[in-house]
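To start, the structure under review is shown below, and the notes come after it.
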Amino acid sequence: MKTKSIFASALVMLCLVNSNCKNLRAEIATKAESKIQVALLLDTSGSMDGLIDQAKSRLWNIVNTLTTLRFKGTAPEIEIALYEYGNDGIPTSDGYVRLVAPLTADLDLISEKLFALKTDGGLEYCGTVIEKATKGLQWSTDDSDIHLVYIAGNEPFSQGDISYREAISDALRKGITVNTIHCGDRESGVSGMWKDGADRGNGKFFNIDHNARVRYIATPYDDRIDACNLRLNATYVSYGRAGVSKKQNQAMQDNNAASISSANKAERIVSKTKAAYKNESWDLVDLASENGKALSSVRQSDLPEELQGKSEDDIQSYITQKKEERIAIQKEIESLAKQRQAYIDSELKLSGDGAGDDLGHAINRSVLEIAAAKGYDTK
């Protein structure tokens with residue numbers, strides 16, 4: 001069928017047209033050999049508005065930290081899951097625990113679900129949510145993979161009918177490291193068994209001020225990165241029944257990030273240059289990069305309007321052009337991101353102040369330490 005031949009040959013065109021496509025061949029040749037799976041278990045009871053705000057503020061910073069990691073020279077696949085617990089809006093029969101998003105590489109979905117969270121009263125059962133995350137998520141089984149649970153909240157860790165000790169033992173048997181983040185002072189976190197939970201889970205224990213506002217440093221590069229983002233979004237070519245809504249959601253998550261601060265949006269845009277940000281389920285360019293053969297399965301009726309009725313050569317040329325544009329824009333963003341980070345580092349050094357201690361920094365520090373012990377390094 002001619003339609004199939006159009007897409008089957010598109011990848012060949014992508015790889016042969018010019019030197020920029022060496023990047024595409026490199027991406028395919030260095031396919032991820034490992035995974036980092038992270039489950040965020042967030043207390044959404046009535047007192048946790050600050051925690052959720054910190055999570056919204058630090059999501060893309062956490063993603064960018066994860067993307068610095070390498071295993072045997074290649075970038076791991078990143079998957080994130082999200083649970084909420086301790087919310088009166090969740091049925092008692094479910095232990096006030098709700099799976100918000102399963103382990104997924106769809107980072108826009110995680111952002112969407114995170115920004116939709118609402119706090120409401122509730123009882124916080126840490127053992128219950130850890131057990132549900134351990135048994136309910138699709139954890140990988142490769143020894144080289146990293147499996148992490150981060151549970152954040154403020155009530156005693158021992159509440160509920162399910163023992164956190166037993167839940168953590170089950171997690172360890174699946175190779176899951178359990179890290180705890182107590183929203184409050186250290187002494188209360190220790191007496192409330194949050195530190196014991198981390199010790200038993202072979203993880204890290206942190207205490208944070210969840211009501212502290214995340215500190216941002218505006219830079220001269222933020223607006224320039226934002227301008228690049230407009231051009232970057234234009235390189236995404238949606239297809240299929242969900243393509244249009246997914247592309248709209250991409251723009252919505254840009255807006256959500258911007259609603260926190262221009263610095264937070266800059267962090268999100270930088271993460272869109274990383275291999276972990278992939279959208280082959282709705283974007284033809286990513287689909288070609290991930291699996292050229294899969295292009296043959298795209299039906300003519302699922303093509304975007306701009307490709308309807310186009311010739312084989314026109315379609316090949318269009319996809320190639322978008323790929324080249326994306327590579328160039330991503331390189332421009334990466335260059336600006338390096339200058340941006342140098343500016344931030346300089347400002348922090350001049351002020352003699354650290355970046356603060358919040359949910360994001362707690363996760364970032366522990367991720368790097370745990371990954372190093374597992375044989376990962378940073379690029």
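Just so we're on the same page: first chain in the structure tokens is A, next is B, and so on; residues restart at 1 for each chain, and ligands are numbered from 1 in the order they show up.
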Next on the checklist: When DSSP is applied to the backbone of this structure, which of region 23-163 of chain A are assigned helix (DSSP H, G or I)? Write them out as a VMD selection string.
Outcome noted: chain A and resid 23 to 29 49 to 66 92 to 94 107 to 115 126 to 136
Checklist entry - Skipping near chain neighbours, those fewer than 5 positions away, what residues fall within 8 Å of region 231-248 of chain A using only C-alpha atoms, listed as a VMD selection string? => result chain A and resid 281 to 285 298 302 to 304 322 to 323 325 to 326 329 to 330
Checklist outcome for this item: The residue from A:Glu280, A:Glu166, A:Glu131, A:Asp254 with the smallest atom-to-atom distance to Arg268 (chain A), counting only C-alpha atoms, is A:Asp254
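For region 152-159 of chain A, the residues within 7 Å (counting only C-alpha atoms, excluding itself and residues fewer than 6 positions away along the chain) are Leu41, Leu42, Asp43, Glu124, Tyr125, Cys126, Thr180, Ile181, His182, Cys183, Gly184, Gly192, Met193 and Trp194 of chain A.
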Any chance you can output those residues with N, CA and C atoms as an mmCIF file, in the first residue's frame?
```
data_model
loop_
_atom_site.group_PDB
_atom_site.id
_atom_site.type_symbol
_atom_site.label_atom_id
_atom_site.label_comp_id
_atom_site.auth_asym_id
_atom_site.auth_seq_id
_atom_site.Cartn_x
_atom_site.Cartn_y
_atom_site.Cartn_z
ATOM 1 N N LEU A 41 4.768 10.062 46.205
ATOM 2 C CA LEU A 41 3.593 9.833 47.044
ATOM 3 C C LEU A 41 3.390 11.093 47.877
ATOM 4 N N LEU A 42 2.405 11.896 47.521
ATOM 5 C CA LEU A 42 2.248 13.219 48.116
ATOM 6 C C LEU A 42 1.013 13.288 48.998
ATOM 7 N N ASP A 43 1.211 13.802 50.184
ATOM 8 C CA ASP A 43 0.132 14.056 51.133
ATOM 9 C C ASP A 43 -0.681 15.247 50.628
ATOM 10 N N GLU A 124 -3.725 10.353 57.032
ATOM 11 C CA GLU A 124 -2.560 10.001 56.229
ATOM 12 C C GLU A 124 -2.016 8.628 56.628
ATOM 13 N N TYR A 125 -2.183 7.646 55.751
ATOM 14 C CA TYR A 125 -1.746 6.279 56.016
ATOM 15 C C TYR A 125 -0.545 5.955 55.126
ATOM 16 N N CYS A 126 0.650 6.163 55.671
ATOM 17 C CA CYS A 126 1.873 5.982 54.887
ATOM 18 C C CYS A 126 2.069 4.529 54.467
ATOM 19 N N THR A 180 12.023 9.172 52.536
ATOM 20 C CA THR A 180 10.959 9.877 53.247
ATOM 21 C C THR A 180 11.292 11.362 53.395
ATOM 22 N N ILE A 181 10.266 12.190 53.225
ATOM 23 C CA ILE A 181 10.425 13.635 53.339
ATOM 24 C C ILE A 181 9.388 14.132 54.335
ATOM 25 N N HIS A 182 9.850 14.466 55.527
ATOM 26 C CA HIS A 182 8.938 14.942 56.569
ATOM 27 C C HIS A 182 8.752 16.440 56.443
ATOM 28 N N CYS A 183 7.507 16.854 56.378
ATOM 29 C CA CYS A 183 7.183 18.272 56.269
ATOM 30 C C CYS A 183 7.077 18.863 57.674
ATOM 31 N N GLY A 184 8.188 19.290 58.188
ATOM 32 C CA GLY A 184 8.257 19.802 59.547
ATOM 33 C C GLY A 184 9.676 19.700 60.073
ATOM 34 N N GLY A 192 8.279 10.799 64.811
ATOM 35 C CA GLY A 192 7.123 10.331 64.055
ATOM 36 C C GLY A 192 7.428 9.174 63.131
ATOM 37 N N MET A 193 8.635 8.608 63.227
ATOM 38 C CA MET A 193 9.079 7.403 62.514
ATOM 39 C C MET A 193 9.351 7.627 61.027
ATOM 40 N N TRP A 194 9.442 8.858 60.572
ATOM 41 C CA TRP A 194 9.797 9.107 59.178
ATOM 42 C C TRP A 194 11.242 8.692 58.897
#
```
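Checking A:Ala116, A:Ile146, A:Ile315, A:Met48 one by one against Gln300 (chain A), counting only C-alpha atoms, you find the shortest gap at A:Ile315.
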Next on the checklist: Could you tell me how far CA of Lys135 (chain A) sits from CA of Ser57 (chain A), in Å to one decimal place?
Outcome noted: 28.7 Å
Next on the checklist: Set the distance at 7 Å and use only C-alpha atoms: which residues neighbour Glu77 (chain A) once local chain neighbours fewer than 3 positions away are removed? I'd like the list as a list in words.
Outcome noted: Ala32, Ser34, Lys35, Ile36 and Ala276 of chain A
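Counting only C-alpha atoms and comparing A:Ala39, A:Ala372, A:Ile217, A:Ala342, the residue that lies closest to Ile130 (chain A) is A:Ala39.
For the atom pair formed by CA of Thr74 (chain A) and CA of Asn229 (chain A), the distance is 25.8 Å, given to one decimal.
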Once you count only C-alpha atoms, what closest atom pair and distance in Å to one decimal does each residue of region 217-287 of chain A within 12 Å of region 82-104 of chain A have, with rows by chain and rising residue number, as JSON lines?
```
{"residue": "A:Ala276", "atom": "CA", "partner": "A:Thr104", "partner_atom": "CA", "distance": 10.8}
{"residue": "A:Tyr277", "atom": "CA", "partner": "A:Thr104", "partner_atom": "CA", "distance": 11.1}
{"residue": "A:Lys278", "atom": "CA", "partner": "A:Thr104", "partner_atom": "CA", "distance": 10.9}
{"residue": "A:Asn279", "atom": "CA", "partner": "A:Thr104", "partner_atom": "CA", "distance": 11.4}
```
Taking N, CA, C and O atoms for each residue, export the selection above as an mmCIF file, in the first residue's frame.
```cif
data_model
loop_
_atom_site.group_PDB
_atom_site.id
_atom_site.type_symbol
_atom_site.label_atom_id
_atom_site.label_comp_id
_atom_site.auth_asym_id
_atom_site.auth_seq_id
_atom_site.Cartn_x
_atom_site.Cartn_y
_atom_site.Cartn_z
ATOM 1 N N ALA A 276 14.650 12.285 27.557
ATOM 2 C CA ALA A 276 13.554 11.809 28.409
ATOM 3 C C ALA A 276 12.218 12.418 28.007
ATOM 4 O O ALA A 276 11.162 11.844 28.303
ATOM 5 N N TYR A 277 12.255 13.561 27.340
ATOM 6 C CA TYR A 277 11.018 14.195 26.899
ATOM 7 C C TYR A 277 10.706 13.689 25.500
ATOM 8 O O TYR A 277 11.218 14.191 24.497
ATOM 9 N N LYS A 278 9.876 12.670 25.430
ATOM 10 C CA LYS A 278 9.580 12.048 24.144
ATOM 11 C C LYS A 278 8.078 11.863 24.001
ATOM 12 O O LYS A 278 7.384 11.537 24.966
ATOM 13 N N ASN A 279 7.609 12.030 22.798
ATOM 14 C CA ASN A 279 6.166 12.039 22.560
ATOM 15 C C ASN A 279 5.808 11.256 21.297
ATOM 16 O O ASN A 279 4.989 11.696 20.492
#
```
Item to check | Per-residue DSSP, region 109-216 of chain A, filtered to strand (DSSP E), as a ChimeraX atom specification | outcome: /A:146-153,176-183,202-208
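Going from CA of Ala371 (chain A) over to CA of Ile168 (chain A), you cover 19.7 Å.
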Could you name the residues that touch Asn255 (chain A) at 12 Å or less, counting only C-alpha atoms, but leaving out those on the same chain fewer than 2 positions away, as a compact mmCIF listing (two decimals) with C-alpha atoms, in the first residue's frame?
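Below is the file part.txt, written as the result:
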```txt
# COMPACT_ATOMS: atom_id res chain seq x y z
CA ASP A 108 3.33 16.32 30.24
CA SER A 111 2.58 17.84 35.00
CA GLU A 112 -1.11 17.95 34.07
CA PHE A 115 -1.40 20.82 38.67
CA ASP A 226 11.01 31.24 26.16
CA ASN A 229 10.13 27.46 22.97
CA LEU A 230 7.59 28.98 20.58
CA GLN A 248 -2.69 21.34 23.18
CA ASN A 249 -1.71 19.82 26.51
CA GLN A 250 1.95 20.48 25.72
CA ALA A 251 1.14 24.19 25.46
CA MET A 252 -1.02 24.00 28.60
CA GLN A 253 1.88 22.59 30.63
CA ALA A 257 5.01 26.12 34.46
CA ALA A 258 4.90 29.84 33.65
CA SER A 259 2.17 30.36 36.25
CA ILE A 260 4.78 29.52 38.90
CA SER A 261 7.55 31.73 37.53
CA SER A 262 9.55 32.49 34.39
CA ASN A 264 10.21 27.46 36.35
CA LYS A 265 9.09 27.69 32.73
CA ALA A 266 12.72 27.93 31.66
CA ARG A 268 10.55 23.00 31.68
CA ILE A 269 11.74 24.24 28.30
```
Checklist outcome for this item: If you count only C-alpha atoms, the residue of A:Thr177, A:Asn256, A:Ser271, A:Thr141 closest to Asn202 (chain A) turns out to be A:Thr177
Item to check | Nearby residues (only C-alpha atoms) at most 8 Å from Ile52 (chain A), same-chain spacing under 3 positions excluded, as an MDAnalysis selection string | outcome: chainID A and resid 42 44 48:49 55:56 114 117
Checklist entry - Which residues come within 8 Å of Leu336 (chain A), counting only C-alpha atoms, excluding same-chain residues fewer than 2 positions away, as number ranges by chain? => result A: 221, 224-225, 332-334, 338-340
Kindly save the residues from that selection, with N, CA, C and O atoms included, as a PDB file, in the first residue's frame.
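This went into result32.pdb:
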```
ATOM      1  N   TYR A 221      18.606  35.169  30.520  1.00  0.00           N
ATOM      2  CA  TYR A 221      18.428  34.167  29.473  1.00  0.00           C
ATOM      3  C   TYR A 221      17.011  33.577  29.443  1.00  0.00           C
ATOM      4  O   TYR A 221      16.657  32.884  28.491  1.00  0.00           O
ATOM      5  N   ARG A 224      14.872  34.633  26.440  1.00  0.00           N
ATOM      6  CA  ARG A 224      15.399  34.096  25.187  1.00  0.00           C
ATOM      7  C   ARG A 224      15.068  32.609  25.059  1.00  0.00           C
ATOM      8  O   ARG A 224      14.750  32.128  23.963  1.00  0.00           O
ATOM      9  N   ILE A 225      15.124  31.901  26.178  1.00  0.00           N
ATOM     10  CA  ILE A 225      14.741  30.490  26.162  1.00  0.00           C
ATOM     11  C   ILE A 225      13.264  30.361  25.851  1.00  0.00           C
ATOM     12  O   ILE A 225      12.843  29.477  25.090  1.00  0.00           O
ATOM     13  N   GLU A 332      20.273  25.432  20.474  1.00  0.00           N
ATOM     14  CA  GLU A 332      20.254  26.834  20.906  1.00  0.00           C
ATOM     15  C   GLU A 332      19.810  26.943  22.361  1.00  0.00           C
ATOM     16  O   GLU A 332      20.403  27.690  23.157  1.00  0.00           O
ATOM     17  N   ILE A 333      18.779  26.196  22.726  1.00  0.00           N
ATOM     18  CA  ILE A 333      18.299  26.199  24.115  1.00  0.00           C
ATOM     19  C   ILE A 333      19.363  25.651  25.051  1.00  0.00           C
ATOM     20  O   ILE A 333      19.594  26.192  26.146  1.00  0.00           O
ATOM     21  N   GLU A 334      20.018  24.572  24.654  1.00  0.00           N
ATOM     22  CA  GLU A 334      21.057  23.975  25.498  1.00  0.00           C
ATOM     23  C   GLU A 334      22.184  24.959  25.760  1.00  0.00           C
ATOM     24  O   GLU A 334      22.715  25.041  26.877  1.00  0.00           O
ATOM     25  N   LYS A 338      23.131  26.548  29.553  1.00  0.00           N
ATOM     26  CA  LYS A 338      24.448  26.535  30.214  1.00  0.00           C
ATOM     27  C   LYS A 338      24.789  27.927  30.736  1.00  0.00           C
ATOM     28  O   LYS A 338      25.297  28.079  31.849  1.00  0.00           O
ATOM     29  N   GLN A 339      24.515  28.937  29.930  1.00  0.00           N
ATOM     30  CA  GLN A 339      24.783  30.311  30.363  1.00  0.00           C
ATOM     31  C   GLN A 339      23.861  30.688  31.524  1.00  0.00           C
ATOM     32  O   GLN A 339      24.280  31.378  32.465  1.00  0.00           O
ATOM     33  N   ARG A 340      22.633  30.230  31.455  1.00  0.00           N
ATOM     34  CA  ARG A 340      21.669  30.503  32.524  1.00  0.00           C
ATOM     35  C   ARG A 340      22.135  29.885  33.834  1.00  0.00           C
ATOM     36  O   ARG A 340      22.097  30.542  34.891  1.00  0.00           O
TER      37      ARG A 340
END
```
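Closest to Leu107 (chain A) among A:Lys274, A:Arg70, A:Arg299, A:Arg165 is A:Lys274, based on only C-alpha atoms.
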